[in-house]
file my_file28.tsv (TSV, C-alpha atoms)
chain	number	residue	atom	x	y	z
A	15	MET	CA	72.17	56.13	66.73
A	16	SER	CA	75.80	55.38	66.03
A	17	SER	CA	77.04	54.71	62.52
A	18	GLY	CA	79.16	51.95	64.09
A	19	THR	CA	78.12	48.31	64.05
A	20	MET	CA	80.88	46.57	66.03
A	21	GLN	CA	80.21	45.41	69.60
A	22	ARG	CA	82.46	47.40	71.96
A	23	ARG	CA	83.21	44.48	74.30
A	24	GLU	CA	84.22	42.31	71.33
A	25	VAL	CA	86.60	45.03	70.17
A	26	VAL	CA	88.19	45.32	73.62
A	27	SER	CA	88.43	41.53	73.92
A	28	ALA	CA	90.22	41.41	70.58
A	29	LEU	CA	92.61	44.12	71.81
A	30	LEU	CA	93.36	42.43	75.15
A	31	ALA	CA	92.61	38.72	74.78
A	32	PRO	CA	95.97	37.45	73.54
A	33	ARG	CA	98.00	39.68	75.79
A	34	GLN	CA	101.72	40.27	75.88
A	35	ASP	CA	103.25	40.41	79.35
A	36	ASN	CA	104.71	43.86	78.71
A	37	LEU	CA	101.38	45.49	77.79
A	38	LEU	CA	100.12	48.28	80.07
A	39	THR	CA	96.61	49.61	79.46
A	40	VAL	CA	95.08	52.95	80.40
A	41	GLY	CA	91.30	53.07	80.23
A	42	GLY	CA	89.23	56.22	79.89
A	43	LEU	CA	86.14	57.30	81.82
A	44	GLY	CA	83.71	55.60	81.74
A	45	SER	CA	82.40	52.86	79.36
A	46	SER	CA	85.90	52.12	78.09
A	47	SER	CA	87.03	51.45	81.65
A	48	TRP	CA	84.00	49.17	82.16
A	49	ASP	CA	84.91	47.30	78.95
A	50	ILE	CA	88.48	46.72	80.15
A	51	ALA	CA	87.24	45.56	83.56
A	52	ALA	CA	84.76	43.21	81.88
A	53	THR	CA	87.57	41.62	79.86
A	54	ALA	CA	89.78	40.88	82.87
A	55	ASP	CA	90.75	42.31	86.25
A	56	ASN	CA	94.40	42.80	85.35
A	57	PRO	CA	96.70	44.79	87.64
A	58	GLN	CA	98.55	46.10	84.58
A	59	ASP	CA	95.41	48.04	83.60
A	60	PHE	CA	94.83	51.50	85.06
A	61	CYS	CA	91.24	52.59	84.52
A	62	LEU	CA	90.26	56.21	85.01
A	63	VAL	CA	86.91	56.80	86.66
A	64	GLY	CA	87.25	60.57	86.51
A	65	GLY	CA	89.58	63.11	84.98
A	66	MET	CA	87.71	63.28	81.68
A	67	GLY	CA	89.97	64.34	78.83
A	68	LEU	CA	93.16	63.10	80.48
A	69	THR	CA	93.41	59.49	79.32
A	70	VAL	CA	95.82	60.03	76.43
A	71	SER	CA	97.96	62.28	78.64
A	72	VAL	CA	98.20	59.58	81.32
A	73	GLY	CA	99.22	57.11	78.62
A	74	LEU	CA	101.84	59.51	77.28
A	75	GLY	CA	103.40	60.03	80.71
A	76	LEU	CA	103.40	56.29	81.37
A	77	ALA	CA	104.95	55.49	77.99
A	78	GLY	CA	107.78	57.92	78.71
A	79	ALA	CA	108.44	56.45	82.13
A	80	ARG	CA	108.32	52.84	80.89
A	81	PRO	CA	110.07	52.56	77.52
A	82	GLN	CA	110.43	48.81	78.10
A	83	ASN	CA	106.62	48.41	78.10
A	84	HIS	CA	104.00	48.88	75.39
A	85	VAL	CA	101.20	51.23	76.43
A	86	LEU	CA	97.68	50.97	75.00
A	87	VAL	CA	95.15	53.71	75.69
A	88	ILE	CA	91.54	52.63	75.24
A	89	THR	CA	89.05	55.45	75.57
A	90	GLY	CA	85.84	56.89	74.18
A	91	ASP	CA	84.97	59.66	71.77
A	92	GLY	CA	83.73	61.98	74.51
A	93	ASP	CA	86.97	61.73	76.48
A	94	MET	CA	89.04	62.10	73.31
A	95	LEU	CA	87.12	65.17	72.17
A	96	MET	CA	87.79	66.83	75.53
A	97	GLY	CA	91.51	66.15	75.26
A	98	MET	CA	92.20	66.70	71.57
A	99	GLY	CA	95.20	68.90	72.31
A	100	SER	CA	96.90	65.87	73.82
A	101	LEU	CA	97.11	64.35	70.32
A	102	ALA	CA	99.27	67.28	69.22
A	103	THR	CA	101.44	66.73	72.30
A	104	VAL	CA	101.78	63.01	71.52
A	105	ALA	CA	102.84	63.96	68.00
A	106	GLN	CA	105.57	66.24	69.34
A	107	ILE	CA	107.02	63.43	71.46
A	108	GLN	CA	106.43	60.57	68.96
A	109	PRO	CA	106.56	57.83	71.63
A	110	ARG	CA	107.40	54.53	69.96
A	111	ASN	CA	105.56	52.49	72.59
A	112	LEU	CA	102.14	54.19	72.62
A	113	ALA	CA	98.96	53.11	70.84
A	114	ILE	CA	95.58	54.80	71.19
A	115	VAL	CA	92.23	53.21	70.32
A	116	VAL	CA	89.06	55.30	70.57
A	117	LEU	CA	85.83	53.33	70.94
A	118	ASP	CA	83.59	55.74	69.05
A	119	ASN	CA	79.88	55.24	69.68
A	120	GLU	CA	79.17	58.83	68.66
A	121	MET	CA	77.47	59.61	71.96
A	122	PHE	CA	77.99	60.46	75.63
A	123	GLY	CA	76.99	57.00	76.79
A	124	GLU	CA	77.14	57.59	80.54
A	125	THR	CA	74.90	60.64	80.55
A	126	GLY	CA	71.94	59.56	78.47
A	127	GLY	CA	73.32	58.99	75.00
A	128	GLN	CA	73.45	62.59	73.84
A	129	PRO	CA	75.26	62.76	70.46
A	130	THR	CA	78.91	63.79	70.47
A	131	HIS	CA	80.63	65.77	67.76
A	132	THR	CA	81.63	62.58	65.95
A	133	ALA	CA	77.91	62.04	65.25
A	134	GLY	CA	78.01	65.39	63.51
A	135	GLY	CA	80.91	64.55	61.24
A	136	THR	CA	84.03	65.16	63.34
A	137	ASP	CA	86.68	62.68	62.20
A	138	LEU	CA	89.01	61.89	65.10
A	139	ALA	CA	91.39	59.84	62.94
A	140	ALA	CA	91.79	62.79	60.58
A	141	ILE	CA	92.42	65.06	63.57
A	142	ALA	CA	95.07	62.66	64.89
A	143	LYS	CA	96.72	62.56	61.48
A	144	GLY	CA	96.57	66.33	61.23
A	145	ALA	CA	98.07	66.59	64.70
A	146	GLY	CA	101.08	64.70	63.40
A	147	ILE	CA	100.51	61.08	64.43
A	148	PRO	CA	101.90	59.04	61.53
A	149	THR	CA	99.78	55.88	61.72
A	150	THR	CA	96.02	56.44	61.94
A	151	GLY	CA	92.88	54.71	60.76
A	152	THR	CA	89.17	54.08	61.28
A	153	ILE	CA	88.04	50.51	61.92
A	154	ARG	CA	84.48	49.59	60.96
A	155	ASP	CA	84.40	45.77	60.91
A	156	ALA	CA	86.07	42.65	62.26
A	157	ALA	CA	88.34	42.25	59.23
A	158	ALA	CA	89.67	45.78	59.57
A	159	LEU	CA	90.17	45.19	63.30
A	160	GLN	CA	92.25	42.09	62.60
A	161	ASP	CA	94.33	44.08	60.12
A	162	ALA	CA	94.92	46.85	62.67
A	163	LEU	CA	95.90	44.60	65.61
A	164	PRO	CA	99.54	44.12	64.57
A	165	HIS	CA	99.95	47.87	64.17
A	166	ILE	CA	98.38	48.49	67.58
A	167	HIS	CA	100.52	45.93	69.38
A	168	GLU	CA	103.76	45.75	67.44
A	169	SER	CA	104.34	48.82	65.28
A	170	ASP	CA	106.63	51.59	66.28
A	171	GLY	CA	104.24	54.21	67.52
A	172	PRO	CA	102.53	56.35	68.05
A	173	VAL	CA	99.49	54.81	66.39
A	174	PHE	CA	95.88	56.00	66.61
A	175	TYR	CA	92.75	54.14	65.59
A	176	VAL	CA	89.07	54.93	65.84
A	177	ALA	CA	86.87	51.84	66.23
A	178	LYS	CA	83.30	52.62	65.26
A	179	VAL	CA	81.06	50.77	67.73
A	180	SER	CA	77.31	50.51	68.12
A	181	ALA	CA	75.23	52.45	70.64
A	182	GLU	CA	74.65	49.39	72.84
A	183	MET	CA	75.51	49.85	76.51
A	184	PRO	CA	76.60	46.50	78.01
A	185	PRO	CA	76.17	45.89	81.75
A	186	THR	CA	78.54	48.00	83.82
A	187	VAL	CA	81.55	46.16	85.23
A	188	TYR	CA	83.52	48.41	87.53
A	189	PRO	CA	87.30	48.46	87.75
A	190	PRO	CA	88.65	49.23	91.24
A	191	LEU	CA	86.97	52.51	92.22
A	192	ASP	CA	89.33	53.24	95.10
A	193	GLY	CA	92.06	55.34	93.53
A	194	PRO	CA	94.89	54.67	96.00
A	195	PHE	CA	94.28	50.92	95.73
A	196	ALA	CA	94.20	51.02	91.93
A	197	LYS	CA	97.36	53.11	91.79
A	198	ASP	CA	99.29	50.99	94.31
A	199	ARG	CA	98.23	47.75	92.64
A	200	PHE	CA	99.35	49.04	89.25
A	201	ARG	CA	102.69	50.31	90.54
A	202	ALA	CA	103.38	47.05	92.38
A	203	ALA	CA	102.62	45.08	89.22
A	204	VAL	CA	104.84	47.26	87.05
A	205	LEU	CA	107.60	48.36	89.43
A	206	GLY	CA	107.60	45.62	92.07
A	207	ASP	CA	106.39	45.45	95.65
A	208	GLY	CA	108.99	48.00	96.75
A	209	ALA	CA	107.10	50.72	94.87
A	210	VAL	CA	104.23	50.83	97.35
B	28	MET	CA	111.61	94.21	85.12
B	29	THR	CA	113.10	90.75	85.31
B	30	GLU	CA	116.69	90.59	86.45
B	31	LYS	CA	118.38	88.59	83.68
B	32	SER	CA	121.21	87.65	85.99
B	33	ALA	CA	118.99	86.23	88.73
B	34	GLU	CA	120.24	82.89	90.01
B	35	TRP	CA	117.00	81.51	91.38
B	36	PRO	CA	116.03	79.60	88.20
B	37	SER	CA	119.21	77.57	88.45
B	38	ASP	CA	118.52	77.08	92.18
B	39	ILE	CA	115.19	75.48	91.20
B	40	PHE	CA	116.97	73.35	88.61
B	41	THR	CA	119.39	72.09	91.26
B	42	VAL	CA	116.50	71.05	93.50
B	43	LEU	CA	114.79	69.24	90.60
B	44	ARG	CA	117.98	67.26	90.01
B	45	GLU	CA	118.47	66.46	93.69
B	46	ARG	CA	114.88	65.29	93.99
B	47	GLU	CA	115.22	63.11	90.88
B	48	ILE	CA	112.46	64.97	89.07
B	49	SER	CA	112.92	64.16	85.40
B	50	GLN	CA	109.54	64.61	83.67
B	51	ILE	CA	108.98	68.32	83.09
B	52	CYS	CA	105.71	69.56	81.58
B	53	HIS	CA	105.04	73.19	80.82
B	54	VAL	CA	103.06	75.83	79.10
B	55	PRO	CA	105.82	78.39	78.84
B	56	ASP	CA	106.03	81.56	80.86
B	57	ALA	CA	108.70	84.21	80.64
B	58	GLY	CA	109.39	83.64	84.34
B	59	HIS	CA	110.11	79.95	83.67
B	60	ASP	CA	112.13	80.52	80.49
B	61	ARG	CA	115.56	80.02	82.01
B	62	LEU	CA	114.53	76.95	83.99
B	63	ILE	CA	112.98	75.39	80.86
B	64	ARG	CA	116.23	75.99	78.97
B	65	LEU	CA	118.24	74.34	81.74
B	66	CYS	CA	115.93	71.31	81.68
B	67	ASN	CA	116.02	71.09	77.88
B	68	ALA	CA	119.81	70.92	78.01
B	69	GLN	CA	119.72	67.90	80.34
B	70	ASN	CA	119.67	64.62	78.40
B	71	ASP	CA	118.02	62.54	81.11
B	72	MET	CA	115.13	64.97	81.57
B	73	SER	CA	112.05	64.79	79.35
B	74	VAL	CA	110.55	68.21	78.67
B	75	ILE	CA	107.05	68.25	77.20
B	76	THR	CA	105.38	71.40	75.92
B	77	LEU	CA	101.61	71.22	76.50
B	78	THR	CA	98.67	72.68	74.60
B	79	THR	CA	96.93	73.29	77.92
B	80	GLU	CA	98.04	72.86	81.51
B	81	GLU	CA	95.56	70.12	82.35
B	82	GLU	CA	97.46	67.78	80.06
B	83	GLY	CA	100.39	68.12	82.43
B	84	VAL	CA	98.38	66.77	85.36
B	85	GLY	CA	97.61	63.65	83.33
B	86	ILE	CA	101.17	63.21	82.06
B	87	LEU	CA	102.60	63.52	85.58
B	88	ALA	CA	100.09	60.96	86.87
B	89	GLY	CA	101.08	58.55	84.10
B	90	ALA	CA	104.76	59.17	84.81
B	91	TRP	CA	104.22	58.41	88.50
B	92	LEU	CA	102.37	55.20	87.63
B	93	GLY	CA	105.54	54.24	85.76
B	94	GLY	CA	107.86	55.19	88.60
B	95	ARG	CA	109.00	58.61	87.39
B	96	ARG	CA	108.84	61.92	89.23
B	97	GLY	CA	107.75	65.08	87.44
B	98	ALA	CA	106.85	68.73	87.79
B	99	LEU	CA	104.44	71.05	86.00
B	100	LEU	CA	105.72	74.54	85.24
B	101	MET	CA	103.03	77.11	84.50
B	102	GLN	CA	101.91	80.64	85.16
B	103	SER	CA	99.00	81.53	87.39
B	104	SER	CA	96.57	81.87	84.48
B	105	GLY	CA	97.22	78.20	83.73
B	106	VAL	CA	96.12	77.16	87.20
B	107	GLY	CA	92.53	77.63	86.13
B	108	ASN	CA	93.00	75.11	83.34
B	109	THR	CA	94.06	72.36	85.75
B	110	ILE	CA	91.21	72.37	88.26
B	111	ASN	CA	89.14	69.31	87.34
B	112	ALA	CA	92.28	67.42	86.38
B	113	LEU	CA	93.58	67.84	89.94
B	114	ALA	CA	90.93	65.33	91.01
B	115	LEU	CA	93.13	62.62	89.50
B	116	PRO	CA	96.13	62.92	91.87
B	117	ALA	CA	93.78	63.74	94.75
B	118	ALA	CA	91.49	60.75	94.23
B	119	CYS	CA	94.42	58.36	93.67
B	120	ARG	CA	96.70	59.83	96.35
B	121	MET	CA	99.47	60.43	93.87
B	122	PRO	CA	102.10	63.15	94.19
B	123	PHE	CA	101.51	66.29	92.16
B	124	PHE	CA	104.14	69.02	92.15
B	125	THR	CA	103.87	72.33	90.34
B	126	ILE	CA	105.84	75.57	90.24
B	127	VAL	CA	103.67	78.55	89.37
B	128	THR	CA	104.92	81.96	88.28
B	129	MET	CA	102.43	84.50	89.58
B	130	ARG	CA	100.81	87.26	87.57
B	131	GLY	CA	98.08	89.66	88.57
B	132	GLU	CA	99.87	91.00	91.65
B	133	TRP	CA	102.78	93.27	92.68
B	134	GLY	CA	102.72	95.96	90.05
B	135	GLU	CA	100.88	93.99	87.35
B	136	GLY	CA	100.32	96.07	84.23
B	137	ASN	CA	97.75	93.91	82.43
B	138	PRO	CA	94.25	94.07	83.93
B	139	TRP	CA	93.30	90.78	82.24
B	140	GLN	CA	95.82	88.97	84.44
B	141	LEU	CA	94.23	90.07	87.70
B	142	PRO	CA	91.22	87.72	87.99
B	143	MET	CA	93.06	84.41	87.57
B	144	GLY	CA	96.22	85.63	89.26
B	145	GLN	CA	94.23	86.70	92.32
B	146	GLY	CA	92.09	83.56	92.18
B	147	ALA	CA	94.83	80.99	91.58
B	148	PRO	CA	95.81	80.39	95.24
B	149	GLY	CA	92.20	79.89	96.32
B	150	ALA	CA	91.46	77.62	93.36
B	151	LEU	CA	94.44	75.41	94.16
B	152	GLU	CA	93.56	75.26	97.84
B	153	ALA	CA	89.99	74.35	96.99
B	154	MET	CA	91.37	71.28	95.20
B	155	GLY	CA	93.49	70.27	98.18
B	156	VAL	CA	96.83	71.61	96.97
B	157	THR	CA	99.18	72.88	99.69
B	158	LEU	CA	100.74	76.22	98.81
B	159	TYR	CA	104.34	77.32	99.33
B	160	ARG	CA	104.84	80.97	98.47
B	161	VAL	CA	108.23	82.55	97.67
B	162	GLU	CA	108.81	86.30	97.81
B	163	ARG	CA	112.61	86.47	97.99
B	164	ALA	CA	115.35	84.84	95.92
B	165	GLU	CA	117.18	83.57	99.01
B	166	ASP	CA	114.14	81.48	99.96
B	167	VAL	CA	113.78	79.70	96.61
B	168	THR	CA	115.94	76.65	97.25
B	169	ASN	CA	114.53	75.79	100.68
B	170	THR	CA	110.96	76.39	99.65
B	171	VAL	CA	111.05	74.41	96.41
B	172	ASN	CA	112.85	71.61	98.21
B	173	ALA	CA	110.29	71.51	101.02
B	174	ALA	CA	107.36	71.54	98.60
B	175	ALA	CA	108.83	68.73	96.51
B	176	ALA	CA	109.65	66.67	99.59
B	177	GLN	CA	106.09	67.03	100.87
B	178	ALA	CA	104.54	66.03	97.55
B	179	PHE	CA	106.66	62.95	96.91
B	180	ASN	CA	107.09	61.74	100.50
B	181	ASN	CA	103.39	62.02	101.32
B	182	GLN	CA	101.91	61.43	97.86
B	183	CYS	CA	99.97	64.68	97.93
B	184	SER	CA	99.70	67.85	95.87
B	185	THR	CA	101.88	70.90	96.47
B	186	ALA	CA	102.43	74.14	94.56
B	187	VAL	CA	105.25	76.64	94.80
B	188	LEU	CA	103.97	80.12	93.99
B	189	LEU	CA	106.81	82.33	92.75
B	190	SER	CA	105.58	85.82	93.45
B	191	GLN	CA	105.63	88.52	90.83
B	192	ARG	CA	107.78	90.50	93.25
B	193	LEU	CA	110.46	87.83	92.81
B	194	ILE	CA	110.08	87.43	89.06
B	195	GLY	CA	109.62	91.08	88.24
B	196	ALA	CA	106.42	92.74	87.11
B	197	LYS	CA	105.85	92.92	83.37
B	198	GLY	CA	105.59	96.55	82.35
B	199	PHE	CA	102.75	97.49	80.04
B	200	LYS	CA	103.11	101.26	80.30

call {"tool": "encode", "arguments": {"input": "my_file28.tsv", "output": "structure tokens"}}
result
Amino acid sequence: MSSGTMQRREVVSALLAPRQDNLLTVGGLGSSSWDIAATADNPQDFCLVGGMGLTVSVGLGLAGARPQNHVLVITGDGDMLMGMGSLATVAQIQPRNLAIVVLDNEMFGETGGQPTHTAGGTDLAAIAKGAGIPTTGTIRDAAALQDALPHIHESDGPVFYVAKVSAEMPPTVYPPLDGPFAKDRFRAAVLGDGAV
Amino acid sequence: MTEKSAEWPSDIFTVLREREISQICHVPDAGHDRLIRLCNAQNDMSVITLTTEEEGVGILAGAWLGGRRGALLMQSSGVGNTINALALPAACRMPFFTIVTMRGEWGEGNPWQLPMGQGAPGALEAMGVTLYRVERAEDVTNTVNAAAAQAFNNQCSTAVLLSQRLIGAKGFK
């Protein structure tokens, strides 16, 4: 059982519902990508359906290539634990336009709900802070989420938040599973039709 | 030993500039030291030091999504750290371009370098990466250019393997 009580889809809706035109989202394998797809099928979202551990890195590369956009990485605790080194790399670069939100249900949701290290006391926000990311926090309720939203969307980054969510697994909503289609659609949306 | 005056690192740098490759990711290797310094001195190139090579595969994918070309510089031991990550450019038909300095061959002095050095080409090929091997300094420019052209023109994965014969074997005894 997760120590979190927030509903993951409500958290993602709050992150993406009032949406700025310049926001680009990178979603992590797998429930986080389903949550983003359930919120909207937006071509400015790129949802990973593989490559576990790489989500923050994809966001970092995108943020560097697109300084005129704001990049929001939404991923899970399992993916984040596999790519913890990427937080140290983000801290070296200090991208102003990158925010990371980890939906932490303290379990590997796609594989049977086995507990992750965050169930055993690992504090990802403390790790991010220790890595050198200046703005970090752990969100446990709707009020704290509302307080964090301006930092996630408007602050000079990088910012990193853990959102503690419950163990519920909402119905799967797939983003585009065909990688070339997803990539071309994203690049056309961001760079124009000439990019594909 | 490495020839300090060798020109091939600056030949690679020239190709990177001509191919508009501006996102450089690396876990450092002595064989890449000069190239990394050249890139660091270039204001319009972003050079990111990684904690592990697989991060670089993700960063280059993100850069490509945003319209930027990149390259991953690593040594052959790092190839093993990238394997699952290489599914990302393969599954999405994105370009992936890497330049690998080889260890574990041609007079290698460290027995711990042999397994991954010997296994790196097969591991890359198993993940669908096309290999371009360089043995001689005079072949560096053409080979790096061809490998980069193939990756970015066809949106596929290519690796240049710079042989230890070219770089110079590291003496342990």

call {"tool": "residues_around", "arguments": {"input": "my_file28.tsv", "residues": "Ala142 of chain A", "least_positions_apart": "4", "cutoff": "10 Å", "atoms": "all atoms listed in the file", "output": "JSON, numbers by chain"}}
result
{"A": [98, 99, 100, 101, 102, 104, 105, 137, 138, 146, 147, 148, 149, 150, 151, 173, 174, 175, 176]}

call {"tool": "closest_atom_pairs", "arguments": {"input": "my_file28.tsv", "of": "chain A", "to": "chain B", "cutoff": "6 Å", "atoms": "all atoms listed in the file", "output": "CSV"}}
result
residue,atom,partner,partner_atom,distance
A:Gly65,CA,B:Ala112,CA,5.3
A:Leu68,CA,B:Gly85,CA,5.3
A:Ser71,CA,B:Ile86,CA,4.8
A:Val72,CA,B:Gly89,CA,4.1
A:Gly73,CA,B:Gly89,CA,6.0
A:Gly75,CA,B:Ile86,CA,4.1
A:Leu76,CA,B:Gly89,CA,4.2
A:Ala79,CA,B:Gly93,CA,5.1
A:Arg80,CA,B:Gly93,CA,5.8
A:Gly99,CA,B:Thr78,CA,5.6
A:Gly193,CA,B:Cys119,CA,3.8
A:Pro194,CA,B:Cys119,CA,4.4
A:Arg201,CA,B:Leu92,CA,5.7

call {"tool": "atom_distance", "arguments": {"input": "my_file28.tsv", "atom1": "atom CA of Ile107 of chain A", "atom2": "atom CA of Asp59 of chain A"}}
result
22.8 Å

call {"tool": "residues_near_point", "arguments": {"input": "my_file28.tsv", "point": "(106.6, 72.2, 99.2)", "cutoff": "8 Å", "atoms": "only C-alpha atoms", "output": "MDAnalysis selection string"}}
result
chainID B and resid 157:159 170:178 185:187

call {"tool": "closest_residue", "arguments": {"input": "my_file28.tsv", "among": "B:Ser37, B:Asn67, B:Asn181, B:Gln191", "to": "Gly134 of chain B", "atoms": "only C-alpha atoms"}}
result
B:Gln191

call {"tool": "axis_aligned_box", "arguments": {"input": "my_file28.tsv", "around": "segment 178-190 of chain B", "padding_each_side": "5 Å", "output": "lines of an AutoDock Vina configuration file"}}
result
center_x = 103.4
center_y = 73.6
center_z = 97.0
size_x = 17.4
size_y = 34.4
size_z = 18.6

call {"tool": "atom_distance", "arguments": {"input": "my_file28.tsv", "atom1": "atom CA of Met101 of chain B", "atom2": "atom CA of Pro81 of chain A"}}
result
26.5 Å

call {"tool": "build_atoms", "arguments": {"input": "my_file28.tsv", "residues": "segment 64-82 of chain A", "atoms": "N, CA and C atoms", "output": "PDB file, in the coordinates of the input"}}
result
ATOM      1  N   GLY A  64      87.422  59.122  86.446  1.00  0.00           N
ATOM      2  CA  GLY A  64      87.250  60.570  86.510  1.00  0.00           C
ATOM      3  C   GLY A  64      88.317  61.178  85.625  1.00  0.00           C
ATOM      4  N   GLY A  65      88.520  62.466  85.764  1.00  0.00           N
ATOM      5  CA  GLY A  65      89.580  63.110  84.980  1.00  0.00           C
ATOM      6  C   GLY A  65      89.301  63.050  83.491  1.00  0.00           C
ATOM      7  N   MET A  66      88.072  63.348  83.102  1.00  0.00           N
ATOM      8  CA  MET A  66      87.710  63.280  81.680  1.00  0.00           C
ATOM      9  C   MET A  66      88.618  64.171  80.838  1.00  0.00           C
ATOM     10  N   GLY A  67      89.081  63.613  79.741  1.00  0.00           N
ATOM     11  CA  GLY A  67      89.970  64.340  78.830  1.00  0.00           C
ATOM     12  C   GLY A  67      91.440  64.055  79.054  1.00  0.00           C
ATOM     13  N   LEU A  68      91.757  63.288  80.110  1.00  0.00           N
ATOM     14  CA  LEU A  68      93.160  63.100  80.480  1.00  0.00           C
ATOM     15  C   LEU A  68      93.748  61.757  80.065  1.00  0.00           C
ATOM     16  N   THR A  69      92.960  60.884  79.477  1.00  0.00           N
ATOM     17  CA  THR A  69      93.410  59.490  79.320  1.00  0.00           C
ATOM     18  C   THR A  69      94.655  59.393  78.444  1.00  0.00           C
ATOM     19  N   VAL A  70      94.644  60.079  77.310  1.00  0.00           N
ATOM     20  CA  VAL A  70      95.820  60.030  76.430  1.00  0.00           C
ATOM     21  C   VAL A  70      97.033  60.620  77.144  1.00  0.00           C
ATOM     22  N   SER A  71      96.836  61.671  77.920  1.00  0.00           N
ATOM     23  CA  SER A  71      97.960  62.280  78.640  1.00  0.00           C
ATOM     24  C   SER A  71      98.551  61.301  79.655  1.00  0.00           C
ATOM     25  N   VAL A  72      97.692  60.573  80.369  1.00  0.00           N
ATOM     26  CA  VAL A  72      98.200  59.580  81.320  1.00  0.00           C
ATOM     27  C   VAL A  72      99.016  58.525  80.561  1.00  0.00           C
ATOM     28  N   GLY A  73      98.498  58.091  79.423  1.00  0.00           N
ATOM     29  CA  GLY A  73      99.220  57.110  78.620  1.00  0.00           C
ATOM     30  C   GLY A  73     100.561  57.635  78.130  1.00  0.00           C
ATOM     31  N   LEU A  74     100.593  58.902  77.768  1.00  0.00           N
ATOM     32  CA  LEU A  74     101.840  59.510  77.280  1.00  0.00           C
ATOM     33  C   LEU A  74     102.887  59.567  78.395  1.00  0.00           C
ATOM     34  N   GLY A  75     102.465  59.978  79.590  1.00  0.00           N
ATOM     35  CA  GLY A  75     103.400  60.030  80.710  1.00  0.00           C
ATOM     36  C   GLY A  75     103.917  58.648  81.082  1.00  0.00           C
ATOM     37  N   LEU A  76     103.019  57.670  81.040  1.00  0.00           N
ATOM     38  CA  LEU A  76     103.400  56.290  81.370  1.00  0.00           C
ATOM     39  C   LEU A  76     104.368  55.734  80.331  1.00  0.00           C
ATOM     40  N   ALA A  77     104.084  56.004  79.065  1.00  0.00           N
ATOM     41  CA  ALA A  77     104.950  55.490  77.990  1.00  0.00           C
ATOM     42  C   ALA A  77     106.362  56.053  78.125  1.00  0.00           C
ATOM     43  N   GLY A  78     106.459  57.319  78.538  1.00  0.00           N
ATOM     44  CA  GLY A  78     107.780  57.920  78.710  1.00  0.00           C
ATOM     45  C   GLY A  78     108.537  57.327  79.878  1.00  0.00           C
ATOM     46  N   ALA A  79     107.800  57.000  80.935  1.00  0.00           N
ATOM     47  CA  ALA A  79     108.440  56.450  82.130  1.00  0.00           C
ATOM     48  C   ALA A  79     108.817  54.981  81.956  1.00  0.00           C
ATOM     49  N   ARG A  80     108.125  54.286  81.054  1.00  0.00           N
ATOM     50  CA  ARG A  80     108.320  52.840  80.890  1.00  0.00           C
ATOM     51  C   ARG A  80     108.616  52.485  79.442  1.00  0.00           C
ATOM     52  N   PRO A  81     109.764  52.859  78.927  1.00  0.00           N
ATOM     53  CA  PRO A  81     110.070  52.560  77.520  1.00  0.00           C
ATOM     54  C   PRO A  81     110.158  51.063  77.239  1.00  0.00           C
ATOM     55  N   GLN A  82     110.349  50.258  78.305  1.00  0.00           N
ATOM     56  CA  GLN A  82     110.430  48.810  78.100  1.00  0.00           C
ATOM     57  C   GLN A  82     109.057  48.148  77.986  1.00  0.00           C
TER      58      GLN A  82
END
